[in-house]
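Novice: Dumping the structure here so I can ask a few things about it.
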Amino acid sequence: MATLDDQTCEAKIEGVWRQISVAEAKSAHVMAPKRCPSCHGALVLSGSYAGNGNRKFSHRRVHTGCPQDPKRYSGTPSPHPQALI
Ligand SMILES: [Zn+2]
């Protein structure tokens with residue numbers, strides 16, 4: 001199963017949600033809104049800015065209905081209460 005460790009997200013680019021990689025998210029699309037491809041909750045890039053490439057996506061607000069966050073997942077998928085559309 002895909003997890004956030006696989007490092008893709010959706011970014012709103014010119015009004016359209018597109019799937020992008022973490023490399024694109026922190027370079028070409030660093031200013032674009034980003035969301036989780038499963039629950040559509042807002043994502044933020046977390047981790048070091050030191051240039052070691054060790055940054056990853058996490059939900060801006062914790063959501064227990066998202067299988068992409070296995071540590072917090074309740075077992076029942078549900079849309080994020082503050083999903084980006
Ligand atoms: Zn999610």
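Labels for the structure tokens follow display order: chains A, B, ..., residues from 1 in each chain, ligands from 1.
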Enumerate as a PyMOL selection string the residues within 9 Å of ligand 1, counting only C-alpha atoms and all ligand atoms.
Specialist: chain A and resi 4+35-43+58-59+62-69+79-80
Novice: With N, CA and C atoms retained, write the just-selected residues as a compact mmCIF listing (two decimals), in the first residue's frame.
Specialist:
```txt
# COMPACT_ATOMS: atom_id res chain seq x y z
N LEU A 4 2.70 7.90 2.78
CA LEU A 4 3.33 9.18 2.53
C LEU A 4 4.83 9.03 2.31
N ARG A 35 -2.15 18.73 -1.15
CA ARG A 35 -3.10 17.93 -0.37
C ARG A 35 -2.75 16.46 -0.48
N CYS A 36 -3.30 15.71 0.49
CA CYS A 36 -3.11 14.27 0.52
C CYS A 36 -3.95 13.62 -0.58
N PRO A 37 -3.37 12.69 -1.36
CA PRO A 37 -4.14 12.05 -2.43
C PRO A 37 -5.25 11.14 -1.91
N SER A 38 -5.20 10.74 -0.65
CA SER A 38 -6.25 9.86 -0.11
C SER A 38 -7.41 10.63 0.51
N CYS A 39 -7.10 11.51 1.47
CA CYS A 39 -8.18 12.17 2.21
C CYS A 39 -8.38 13.61 1.78
N HIS A 40 -7.46 14.14 0.97
CA HIS A 40 -7.51 15.51 0.46
C HIS A 40 -7.30 16.55 1.55
N GLY A 41 -6.76 16.13 2.68
CA GLY A 41 -6.37 17.09 3.71
C GLY A 41 -5.11 17.83 3.30
N ALA A 42 -4.94 19.04 3.82
CA ALA A 42 -3.77 19.84 3.48
C ALA A 42 -2.50 19.17 4.01
N LEU A 43 -1.45 19.23 3.21
CA LEU A 43 -0.16 18.67 3.60
C LEU A 43 0.86 19.78 3.78
N SER A 58 3.53 15.63 5.64
CA SER A 58 2.67 15.20 6.72
C SER A 58 1.41 16.05 6.69
N HIS A 59 0.35 15.53 7.29
CA HIS A 59 -0.90 16.28 7.32
C HIS A 59 -0.76 17.51 8.18
N VAL A 62 -3.91 16.60 11.99
CA VAL A 62 -3.99 15.15 12.13
C VAL A 62 -5.39 14.67 11.79
N HIS A 63 -5.43 13.56 11.06
CA HIS A 63 -6.71 13.01 10.61
C HIS A 63 -6.63 11.49 10.75
N THR A 64 -7.53 10.91 11.55
CA THR A 64 -7.45 9.47 11.83
C THR A 64 -8.12 8.63 10.76
N GLY A 65 -8.74 9.25 9.76
CA GLY A 65 -9.42 8.49 8.72
C GLY A 65 -8.60 8.36 7.45
N CYS A 66 -7.29 8.51 7.55
CA CYS A 66 -6.46 8.46 6.36
C CYS A 66 -5.46 7.32 6.42
N PRO A 67 -5.57 6.34 5.51
CA PRO A 67 -4.62 5.21 5.52
C PRO A 67 -3.20 5.60 5.17
N GLN A 68 -2.99 6.83 4.69
CA GLN A 68 -1.63 7.28 4.40
C GLN A 68 -0.88 7.67 5.67
N ASP A 69 -1.58 7.68 6.77
CA ASP A 69 -0.96 8.01 8.05
C ASP A 69 -1.15 6.82 8.98
N PRO A 79 -13.13 11.16 4.63
CA PRO A 79 -12.54 12.38 4.08
C PRO A 79 -12.05 13.29 5.19
N HIS A 80 -11.03 14.04 4.91
CA HIS A 80 -10.51 14.99 5.88
C HIS A 80 -11.57 16.07 6.16
```
Novice: So that I can see what lies close to stretch 23-29 of chain A, please list as a list in words the residues with an atom at most 8 Å from it, counting only C-alpha atoms and leaving out residues fewer than 3 positions away in the same chain.
Specialist: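 The neighbour list is Ala11, Ile13, Ile20, Ala32 and Leu45 of chain A.
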Novice: Between atom CA of A:Trp17 and atom CA of A:Pro81, what distance in Å does the model show, to one decimal?
Specialist: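 That distance, rounded to one decimal, is 18.4 Å.
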Novice: Running DSSP on the backbone, which parts of chain A land in strand (DSSP E), as a PyMOL selection string?
Specialist: chain A and resi 8-13+16-21+34-35+43-46+56-59
Novice: Using only C-alpha atoms, can you tell me which of A:Leu84, A:Cys9, A:Val16, A:Val30 comes closest to A:Phe57?
Specialist: A:Cys9
Novice: My list of candidates is A:Val22, A:Gly15, A:Lys34, A:Val44. Which is closest to A:Arg61 when distances are computed with only C-alpha atoms?
Specialist: A:Val44
Novice: Run DSSP on the backbone and grab whatever in stretch 19-70 of chain A lands in helix (DSSP H, G or I); send it over as a PyMOL selection string.
Specialist: chain A and resi 22-25
